[in-house]
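Engineer: This is the structure I have questions about; it appears just below.
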Amino acid sequence: MAEQFVGKSHPRFDAEKVTGKARFINDIKAPRMLYGKILYSKRPHARITHIDTSKAERLQGVRAVLTGFNTPDVRVGFLGDQIALKRDKVRQFRDEVAAVAAINEEIAEEALELIRVEYEDLPAVFDPIEAMKEGAPLIHEVDARGKPRRNNILPLPWKLEAGDVQKGRSESAFVVKDTFRTTWVHQVCMGTSGCIAEFDVNNNLQFISVTNVPFGGKDRLDMFLRNLGIRGSTRILTPYVGGSFGSKLDTDIYEFIAVLLAWKTKCPVKILFDRLEEFTASPPRQPIIGTVEQGCDKDGRLTFRVVEMILDNGAYTSWGATTPSVMMVPISTLYRVPNISFRATCVYTNNIYAQAMRGYGNPQATYVVEQSMDQLAVEAGIDPIEFRLINANEPNETSPMGLKITTCPMKECLEEVKTRLDWKKKQGKHDGHGVGVACFLHVGGGARVYRSDAQGLILKVDDEGKVTAITGGTDQGQGSETIIRQMVAEATGFRPQDVNIFQGDTEICPWDVGTHASRHAFMVGHAILMAGAQVRAKLLAMASTWMGQLISRNLQKKARQDPDFKIPDVDLSLLSNPENLDISNGQIFLKSDPDNKLLRLPVAQIVRSAHMVGTGRGEMIVAEAFYDPPNEMLNAEGKGNLSCCYTFGAHGVEVQVDQETGQVTILNYVAAHDVGRAINPMLVKGQIYGATIMGAGYGLTEEMQVNAGRVMNPNLLDYKLLTAKDKIPIDPVIVEPIEPSGPFGLKGIGEPACVPAAPAIANAVADAIGVRIKDLPLSPEKVLAAIKGKGR
Amino acid sequence: MRSYEYLKPTSLKEALELLGRYGEKAKLVAGGTDLMVQWKKKIISPEYVISLRNVPELSFVTYESDLKIGSATTHRTLELSPIIREHFPILLDAVSNLGSVQVRNSATIGGNICNAAPSADTAPPLLALDAVAHIAGPQGERTMPIAEFFKGPSRTALASGEIVTHFSIPRPSPNTGMAYWKHTRRKAMDLPILGVAVLLSFGQDGKTCAKARISLGVAAPTPMRARKAEAYLEGKEVDRGALDEAGKIAAGEASPRTTIRGSQWYREEMIRVLVRRTGLMCIERAKGAAHG
Ligand SMILES: Cc1cc2nc3c(=O)[nH]c(=O)nc-3n(C[C@H](O)[C@H](O)[C@H](O)COP(=O)(O)OP(=O)(O)OC[C@H]3O[C@@H](n4cnc5c(N)ncnc54)[C@H](O)[C@@H]3O)c2cc1C
């Protein structure tokens with residue numbers, strides 16, 4: 001049957017945001033609410049010898065001053081390597097040393113200025129390679145269990161071996177090896193971090209949060225409460241969220257601090273970051289030093305790939321340290337490489353620590369691999385696109401990591417880049433004008449990083465003929481509020497405008513792993529198909545009970561009111577078999593006579609009748625689904641089919657480099673993407689545009705300048721996010737192979753376009769100037785230095 | 001932010017009186033786009049804020065014997081002014097690339113100059129145009145060439161109680177080309193890594209340089225003129241080669257620093273390149289002006 005709503009560019013439903021009506025965390029106030037503020041460390045590595053909070057406590061309007069000395073020692077973070085308010089020592093400039101709750105923000109800020117902290121400096125280390133050396137200052141003397149640590153290397157030995165690298169090396173005609181670096185970049189959400197914590201009289205915590213993992217967040221806060229000895233549980237509520245890009249996956253330290261302040265004061269406490277705090281105290285994307293060696297035979301077929309990654313973990317551990325699990329995907333599977341060796345080492349330093357960010361390790365890994373691909377193509381004397389075509393992934397193959405590729409239009413995407421950029425004419429000139437390409441693959445059907453990758457959904461039909469979708473997922477701006485409506489409408493036979501969405505309340509919404517890994521559309525889509533089928537079946541069964549009587553009553557009424565009306569000769573008994581009925585646009589009708597207005601009823605009327613029938617006989621329509629996909633967790637060797645399907649694509653970029661100033665201008669940009677099936681082409685393009693620009697910023701301008709542990713450019717003037725005026729002429733090409741494992745044929749598209757942009761640009765710049773720059777971003781200074789043969 | 005009093009004088013006289021009365025406790029505010037940032041960062045914490053927004057004498061653009069621009073004229077007003085568009089492209093280059101339209105709607109030329117940032121976008125053009133600052137104060141009025149106005153980063157020659165009322169700019173001779181180039185990392189909401197303003201007036205023959213002005217932003221602690229480079233060009237037939245040489249001389253006169261926005265070697269290199277490029281733009285524009 002032709003689909004009515006899916007596949008169409010339906011306009012977004014969250015227009016509230018552009019009218020200023022949408023309520024974000026900034027807009028929410030609770031009665032008696034206090035404002036929390038955090039005092040951060042003034043040293044990168046030091047012992048705290050003394051904290052004097054007496055003056056701050058005496059300031060009028062201050063309700064609580066907390067430090068590590070008057071709060072319980074509860075470890076947080078997934079390796080348990082920190083406490084919310086630091087007591088023994090500080091290990092980075094963003095270390096939370098004290099927190100204040102006051103009746104307004106100004107007083108809270110003033111109170112922070114009155115707190116005196118005395119430090120005794122310790123030797124610090126900011127370079128992960130230095131930090132790995134024997135005798136480097138120890139960032140953590142003991143681990144979470146109190147066991148002494150001997151070095152700064154995290155106990156997370158990421159490793160993947162497949163095939164026989166030695167054999168691959170011996171079969172190679174050409175081999176290249178090089179080292180590349182990436183730096184910290186920030187998610188820079190429009191909406192900064194914030195929360196409101198409040199305890200009720202039964203010690204239950206109500207937590208208004210910007211998280212996109214409400215149930216994971218609830219687990220972490222529940223555990224925090226237990227460890228504090230508070231017998232209560234957490235309810236998480238999420239308002240509208242102004243972007244996440246990964247930054248809102250982990251429960252951050254300020255959130256634990258808000259809980260401590262709320263518990264201490266018994267008042268609601270709000271903490272809301274300003275931009276400075278967002279840049280200095282919220283965890284960005286992790287920097288890497290990546291060494292890659294790979295080879296190919298004389299025909300250009302890849303023989304092996306060895307990648308070693310060193311991750312600057314910063315002082316503590318959040319999800320940044322788990323990104324190697326996703327790096328494995330491109331390192332093992334981007335192109336067909338039979339022999340693979342991958343190792344990643346995360347190292348504690350006195351730098352800021354890192355979280356998830358769009359692509360989750362994939363941008364760094366693809367940056368490294370795709371530059372090496374170009375180097376190898378040069379070595380083998382093959383055109384970079386032809387080289388990629390020779391090695392391109394194909395449908396229905398299993399990679400050395402155990403990823404089972406289903407649909408895969410990588411070659412089509414490469415061909416799109418080739419023709420749209422007029423590649424043959426432009427490549428290889430080194431005259432300031434160049435073209436570059438990079439491919440990617442990313443998880444497109446969830447990622448089983450926990451034992452479950454499930455999403456729960458409840459659909460409920462009311463007697464106004466509206467369907468409410470109650471989901472455990474969250475929307476942080478990606479547009480799921482629109483495609484959920486399109487898919488529910490399609491699956492149930494209603495119109496998108498008849499669908500309401502309820503989300504962001506752990507007390508009511510069914511369980512979900514979290515809105516990460518580009519998984520939301522895929523999971524919720526499947527759950528919608530499952531629950532939608534039940535809603536349809538229940539409605540048709542209900543209709544078969546009621547339609548005959550209701551229609552007959554309608555006809556008699558009409559005849560009474562209009563003497564000229566003759567009751568037509570229709571066989572109402574057909575209506576009592578659900579198999580004869582169908583629903584569309586919220587109306588139930590006879591399949592065999594779909595245009596007959598007399599034999600059609602709105603769902604509302606049927607449901608109302610079923611509600612109002614009297615004691616014991618009433619019915620309502622609610623359906624539920626818990627979709628847990630057939631993907632696999634990685635085994636001890638790092639292998640397994642992580643996702644139900646993988647999404648592929650190629651970005652091609654044409655640049656002009658000003659050889660006197662080093663400035664790079666993007667003249668043309670082709671972003672060819674496999675999306676399985678575009679549920680809403682307009683929104684898919686929005687994701688491609690947005691993520692490509694984010695990726696181009698990673699390539700060209702964005703960089704947190706961290707100098708001896710301190711963020712030097714914590715503002716939007718000096719952190720060079722591209723602006724609307726810098727818009728890149730992106731030509732988004734949507735390739736739709738229709739994914740059999742995906743609901744309505746779709747694959748996830750939230751992250752992918754962020755992945756290949758930087759390496760495609762780096763390859764184009766190398767093509768333009770004939771020299772390769774091996775660290776990000778490609779600032780005019782670096783480009784000019786490379787042209788002049790200065791520096792490196 | 002502590003509490004403060006916001007004062008709204010409606011004449012220059014009243015503004016001067018208020019400034020005299022509250023002295024060091026007061027701050028003038030025009031568009032507030034620099035002031036608010038410093039206030040939030042606690043660099044300043046005025047008890048009285050005297051707004052110049054409602055002082056009509058401070059907001060105007062006229063072009064008779066010379067160009068006069070009121071200090072509280074917004075960059076957006078200048079950007080849209082037919083006078084500026086037609087006769088002073090060097091100022092148009094500066095004001096139309098400053099901040100964003102939203103910033104330009106509020107920010108003023110007087111604020112830009114009085115804030116005295118080494119990166120102030122209107123400073124190099126005003127230097128190249130030989131602008132004169134008109135200053136009103138407790139002792140009456142005085143004037144000062146803009147070249148003497150900047151004393152250091154965020155420091156000016158203004159005495160306490162003084163207000164800049166307007167800038168006057170002499171009418172350029174015929175056969176003049178003028179341009180400002182702002183070198184940035186992105187196209188909006190950015191301060192220059194380097195700003196270069198060049199003005200070249202040619203003699204009757206249309207080739208010999210009668211007057212040259214080269215001024216630089218972010219090349220020294222204050223916006224500066226590259227006088228040696230100017231002298232090198234005057235009296236010469238200016239071509240690419242001469243401009244190249246002028247660029248080198250200018251780079252030698254400047255003393256740029258390494259900051260998070262750019263390093264010294266890069267800025268020096270850009271002076272060499274951009275003086276030449278901006279000079280070539282002037283030659284093009286002078287031709288256009290001569291024919292137009
Ligand atoms: C987002 C953003 C982007 C920006 N981009 C740029 C840019 O691209 N280029 C650039 O050069 N600047 C930029 N700026 C800085 C600023 O906008 C300009 O310097 C602007 O011209 C300042 O004018 P204002 O009227 O807002 O000054 P205000 O902030 O009102 O005043 C600045 C200072 O000048 C003093 N002052 C103002 N008027 C007078 C007067 N008549 N007499 C004596 N003293 C006076 C004030 O007391 C204050 O100390 C930007 C600022 C922001 C916030």
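Going by the structure tokens order, chains are called A, B, ..., each with residues numbered from 1, while ligands are numbered from 1 in the order shown.
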Quick check: residues of chain B within 7 Å of chain A, only C-alpha atoms, returned as an MDAnalysis selection string.
Structural biologist: chainID B and resid 1 186:190 266 270 273
Engineer: Output C-alpha atoms for every residue in the selection just made, as a PDB file, in the first residue's frame.
Structural biologist:
ATOM      1  CA  MET B   1      26.057  42.885  38.753  1.00  0.00           C
ATOM      2  CA  ARG B 186      34.996  33.529   9.705  1.00  0.00           C
ATOM      3  CA  LYS B 187      32.628  35.849   7.896  1.00  0.00           C
ATOM      4  CA  ALA B 188      30.656  37.329  10.776  1.00  0.00           C
ATOM      5  CA  MET B 189      30.921  37.858  14.523  1.00  0.00           C
ATOM      6  CA  ASP B 190      34.657  38.006  14.411  1.00  0.00           C
ATOM      7  CA  TYR B 266      51.504  35.172  10.773  1.00  0.00           C
ATOM      8  CA  MET B 270      49.635  39.192   6.590  1.00  0.00           C
ATOM      9  CA  VAL B 273      50.299  40.450   1.814  1.00  0.00           C
TER      10      VAL B 273
END
Engineer: Excluding stretch 167-175 of chain B and any residue of its chain fewer than 6 positions from it, enumerate the residues within 6 Å of it, using only C-alpha atoms, and give them as an mmCIF file with N, CA, C and O atoms, in the first residue's frame.
Structural biologist:
data_model
loop_
_atom_site.group_PDB
_atom_site.id
_atom_site.type_symbol
_atom_site.label_atom_id
_atom_site.label_comp_id
_atom_site.auth_asym_id
_atom_site.auth_seq_id
_atom_site.Cartn_x
_atom_site.Cartn_y
_atom_site.Cartn_z
ATOM 1 N N ASP B 66 33.296 69.142 4.802
ATOM 2 C CA ASP B 66 33.920 67.879 5.206
ATOM 3 C C ASP B 66 32.834 66.914 5.691
ATOM 4 O O ASP B 66 31.660 67.279 5.765
ATOM 5 N N LEU B 67 33.280 65.691 5.977
ATOM 6 C CA LEU B 67 32.334 64.687 6.489
ATOM 7 C C LEU B 67 32.310 64.791 8.006
ATOM 8 O O LEU B 67 33.368 64.861 8.647
ATOM 9 N N LYS B 68 31.094 64.828 8.563
ATOM 10 C CA LYS B 68 30.989 64.821 10.020
ATOM 11 C C LYS B 68 30.119 63.648 10.441
ATOM 12 O O LYS B 68 29.030 63.442 9.892
ATOM 13 N N ILE B 69 30.600 62.921 11.417
ATOM 14 C CA ILE B 69 29.840 61.771 11.929
ATOM 15 C C ILE B 69 29.698 61.929 13.436
ATOM 16 O O ILE B 69 30.710 61.998 14.162
ATOM 17 N N ALA B 131 41.067 61.599 10.234
ATOM 18 C CA ALA B 131 39.907 62.085 10.987
ATOM 19 C C ALA B 131 40.362 62.871 12.217
ATOM 20 O O ALA B 131 41.455 62.648 12.748
ATOM 21 N N VAL B 132 39.501 63.776 12.621
ATOM 22 C CA VAL B 132 39.759 64.561 13.825
ATOM 23 C C VAL B 132 38.621 64.296 14.807
ATOM 24 O O VAL B 132 37.448 64.319 14.430
ATOM 25 N N ALA B 133 38.982 64.033 16.061
ATOM 26 C CA ALA B 133 37.962 63.815 17.085
ATOM 27 C C ALA B 133 37.598 65.157 17.708
ATOM 28 O O ALA B 133 38.491 65.955 18.039
ATOM 29 N N HIS B 134 36.308 65.407 17.850
ATOM 30 C CA HIS B 134 35.831 66.624 18.506
ATOM 31 C C HIS B 134 35.339 66.233 19.884
ATOM 32 O O HIS B 134 34.515 65.328 20.026
ATOM 33 N N SER B 201 45.923 58.768 -2.869
ATOM 34 C CA SER B 201 45.447 59.844 -3.746
ATOM 35 C C SER B 201 46.483 60.024 -4.839
ATOM 36 O O SER B 201 47.687 60.068 -4.564
ATOM 37 N N PHE B 202 45.991 60.120 -6.061
ATOM 38 C CA PHE B 202 46.911 60.242 -7.192
ATOM 39 C C PHE B 202 46.865 61.645 -7.759
ATOM 40 O O PHE B 202 45.845 62.339 -7.677
ATOM 41 N N ALA B 286 40.243 53.924 -7.271
ATOM 42 C CA ALA B 286 40.565 55.283 -7.729
ATOM 43 C C ALA B 286 40.163 55.427 -9.183
ATOM 44 O O ALA B 286 39.618 56.458 -9.586
ATOM 45 N N ALA B 290 37.483 58.004 -10.540
ATOM 46 C CA ALA B 290 37.818 58.991 -11.561
ATOM 47 C C ALA B 290 36.799 58.976 -12.693
ATOM 48 O O ALA B 290 36.412 60.027 -13.205
#
Engineer: Could you pull out all residues of stretch 74-222 of chain B with a DSSP call of strand (DSSP E) and give them as number ranges by chain?
Structural biologist: B: 132-137, 140-145, 150-152, 155-156, 163-170, 176-183, 194-202, 209-217
Engineer: Suppose we keep N, CA and C atoms; can you now write the selection as a short mmCIF file (atom, residue, chain, number, x, y, z; two decimals), in the first residue's frame?
Structural biologist:
data_model
loop_
_atom_site.label_atom_id
_atom_site.label_comp_id
_atom_site.auth_asym_id
_atom_site.auth_seq_id
_atom_site.Cartn_x
_atom_site.Cartn_y
_atom_site.Cartn_z
N VAL B 132 39.50 63.78 12.62
CA VAL B 132 39.76 64.56 13.82
C VAL B 132 38.62 64.30 14.81
N ALA B 133 38.98 64.03 16.06
CA ALA B 133 37.96 63.81 17.09
C ALA B 133 37.60 65.16 17.71
N HIS B 134 36.31 65.41 17.85
CA HIS B 134 35.83 66.62 18.51
C HIS B 134 35.34 66.23 19.88
N ILE B 135 35.89 66.92 20.86
CA ILE B 135 35.69 66.50 22.25
C ILE B 135 35.08 67.64 23.05
N ALA B 136 34.04 67.33 23.80
CA ALA B 136 33.45 68.34 24.68
C ALA B 136 33.73 67.94 26.12
N GLY B 137 34.04 68.93 26.93
CA GLY B 137 34.35 68.60 28.32
C GLY B 137 34.09 69.77 29.23
N GLY B 140 35.21 73.06 28.05
CA GLY B 140 34.77 73.48 26.71
C GLY B 140 35.15 72.44 25.67
N GLU B 141 35.33 72.92 24.45
CA GLU B 141 35.57 71.97 23.36
C GLU B 141 37.02 71.97 22.91
N ARG B 142 37.45 70.82 22.44
CA ARG B 142 38.78 70.76 21.84
C ARG B 142 38.77 69.71 20.72
N THR B 143 39.79 69.75 19.89
CA THR B 143 39.86 68.76 18.81
C THR B 143 41.21 68.06 18.90
N MET B 144 41.26 66.90 18.30
CA MET B 144 42.49 66.12 18.36
C MET B 144 42.53 65.20 17.14
N PRO B 145 43.65 65.19 16.42
CA PRO B 145 43.74 64.23 15.32
C PRO B 145 43.60 62.81 15.88
N PHE B 150 44.68 57.41 20.52
CA PHE B 150 44.88 56.10 21.18
C PHE B 150 46.17 56.10 21.99
N LYS B 151 46.07 55.76 23.25
CA LYS B 151 47.26 55.79 24.11
C LYS B 151 47.73 54.39 24.52
N GLY B 152 46.93 53.42 24.28
CA GLY B 152 47.29 52.05 24.65
C GLY B 152 46.05 51.20 24.54
N ARG B 155 43.04 52.47 26.27
CA ARG B 155 43.39 53.77 26.84
C ARG B 155 43.37 54.85 25.77
N THR B 156 42.70 56.00 26.11
CA THR B 156 42.60 57.09 25.15
C THR B 156 43.12 58.37 25.77
N ILE B 163 33.55 63.99 26.60
CA ILE B 163 32.72 63.17 25.71
C ILE B 163 33.15 63.49 24.27
N VAL B 164 33.33 62.44 23.47
CA VAL B 164 33.58 62.68 22.05
C VAL B 164 32.24 63.02 21.41
N THR B 165 32.17 64.17 20.75
CA THR B 165 30.88 64.55 20.14
C THR B 165 30.79 64.07 18.70
N HIS B 166 31.86 64.26 17.95
CA HIS B 166 31.83 63.78 16.57
C HIS B 166 33.22 63.68 15.99
N PHE B 167 33.28 63.13 14.79
CA PHE B 167 34.53 63.05 14.06
C PHE B 167 34.36 63.87 12.79
N SER B 168 35.42 64.61 12.42
CA SER B 168 35.34 65.28 11.12
C SER B 168 36.44 64.72 10.23
N ILE B 169 36.10 64.62 8.98
CA ILE B 169 37.00 63.96 8.03
C ILE B 169 37.09 64.85 6.80
N PRO B 170 38.32 65.28 6.42
CA PRO B 170 38.44 66.16 5.26
C PRO B 170 37.99 65.46 3.98
N THR B 176 41.16 59.55 -5.72
CA THR B 176 41.54 58.84 -4.49
C THR B 176 40.86 57.48 -4.45
N GLY B 177 41.63 56.47 -4.05
CA GLY B 177 41.05 55.14 -3.80
C GLY B 177 41.29 54.79 -2.35
N MET B 178 40.31 54.16 -1.71
CA MET B 178 40.46 53.84 -0.29
C MET B 178 39.77 52.52 0.01
N ALA B 179 40.39 51.72 0.86
CA ALA B 179 39.80 50.42 1.19
C ALA B 179 40.28 49.95 2.55
N TYR B 180 39.43 49.16 3.18
CA TYR B 180 39.81 48.52 4.45
C TYR B 180 39.63 47.02 4.28
N TRP B 181 40.60 46.26 4.71
CA TRP B 181 40.50 44.80 4.65
C TRP B 181 40.60 44.22 6.05
N LYS B 182 39.58 43.44 6.40
CA LYS B 182 39.52 42.81 7.72
C LYS B 182 39.82 41.33 7.53
N HIS B 183 40.92 40.89 8.09
CA HIS B 183 41.32 39.49 7.91
C HIS B 183 40.81 38.68 9.09
N LEU B 194 43.97 40.73 11.67
CA LEU B 194 44.69 41.92 11.25
C LEU B 194 43.73 42.78 10.45
N GLY B 195 43.81 44.11 10.66
CA GLY B 195 43.01 45.03 9.84
C GLY B 195 43.96 45.96 9.09
N VAL B 196 43.67 46.17 7.82
CA VAL B 196 44.55 47.02 7.01
C VAL B 196 43.70 48.05 6.27
N ALA B 197 44.01 49.34 6.48
CA ALA B 197 43.33 50.38 5.72
C ALA B 197 44.37 51.09 4.86
N VAL B 198 44.02 51.32 3.62
CA VAL B 198 44.92 52.04 2.72
C VAL B 198 44.13 53.11 2.00
N LEU B 199 44.73 54.28 1.89
CA LEU B 199 44.14 55.36 1.09
C LEU B 199 45.25 55.89 0.18
N LEU B 200 44.96 55.95 -1.11
CA LEU B 200 45.94 56.46 -2.06
C LEU B 200 45.30 57.55 -2.90
N SER B 201 45.92 58.77 -2.87
CA SER B 201 45.45 59.84 -3.75
C SER B 201 46.48 60.02 -4.84
N PHE B 202 45.99 60.12 -6.06
CA PHE B 202 46.91 60.24 -7.19
C PHE B 202 46.87 61.65 -7.76
N CYS B 209 51.63 58.93 -6.84
CA CYS B 209 50.93 58.97 -5.57
C CYS B 209 51.21 60.29 -4.85
N ALA B 210 50.16 61.08 -4.69
CA ALA B 210 50.32 62.37 -4.02
C ALA B 210 50.23 62.20 -2.51
N LYS B 211 49.37 61.27 -2.09
CA LYS B 211 49.21 61.08 -0.65
C LYS B 211 48.95 59.59 -0.40
N ALA B 212 49.62 59.04 0.57
CA ALA B 212 49.38 57.63 0.93
C ALA B 212 49.12 57.52 2.42
N ARG B 213 48.14 56.73 2.74
CA ARG B 213 47.89 56.43 4.15
C ARG B 213 47.78 54.91 4.29
N ILE B 214 48.53 54.39 5.23
CA ILE B 214 48.44 52.96 5.51
C ILE B 214 48.27 52.82 7.01
N SER B 215 47.19 52.24 7.44
CA SER B 215 47.02 52.08 8.88
C SER B 215 46.62 50.65 9.19
N LEU B 216 46.98 50.23 10.39
CA LEU B 216 46.85 48.82 10.74
C LEU B 216 46.14 48.64 12.08
N GLY B 217 45.31 47.63 12.14
CA GLY B 217 44.69 47.23 13.40
C GLY B 217 45.29 45.90 13.85
#
Engineer: Could you check which of B:Arg2, B:Arg261, B:Arg225, B:Lys287 is closest to B:Pro124, using only C-alpha atoms?
Structural biologist: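 Ranked by minimum distance to B:Pro124, first place goes to B:Arg225.
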Engineer: Residues within 7 Å of ligand 1, counting only C-alpha atoms and all ligand atoms: report them as a VMD selection string.
Structural biologist: chain B and resid 27 to 37 71 to 72 97 to 100 103 106 to 115 119 to 122 162 to 165 189 to 191
Engineer: Quote the spacing between atom CA of A:Met328 and atom CA of A:Glu278 in Å to one decimal place.
Structural biologist: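 Atom-to-atom, atom CA of A:Met328 to atom CA of A:Glu278, that is 29.6 Å.
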Engineer: Go through A:Asp475, A:Asp593, A:Glu736, A:Asp297 and flag the residue nearest A:Leu572, using only C-alpha atoms for the distances.
Structural biologist: A:Asp593
Engineer: Between A:Gly135, A:Gly614, A:Pro630, A:Gly436, which is the closest to A:Val655 once you count only C-alpha atoms?
Structural biologist: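 The closest residue to A:Val655 is A:Gly436.
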Engineer: A:Tyr360: which residues within 8 Å, counting only C-alpha atoms, same-chain residues fewer than 6 positions away excluded, as a list in words?
Structural biologist: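 Answer for this query is Gly246, Gly320, Thr323, Val326, Met327 and Ala517 of chain A.
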Engineer: Mind pulling up the distance from atom CA of A:Thr398 to atom CA of A:Thr515?
Structural biologist: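 Going from atom CA of A:Thr515 over to atom CA of A:Thr398 covers 26.9 Å.
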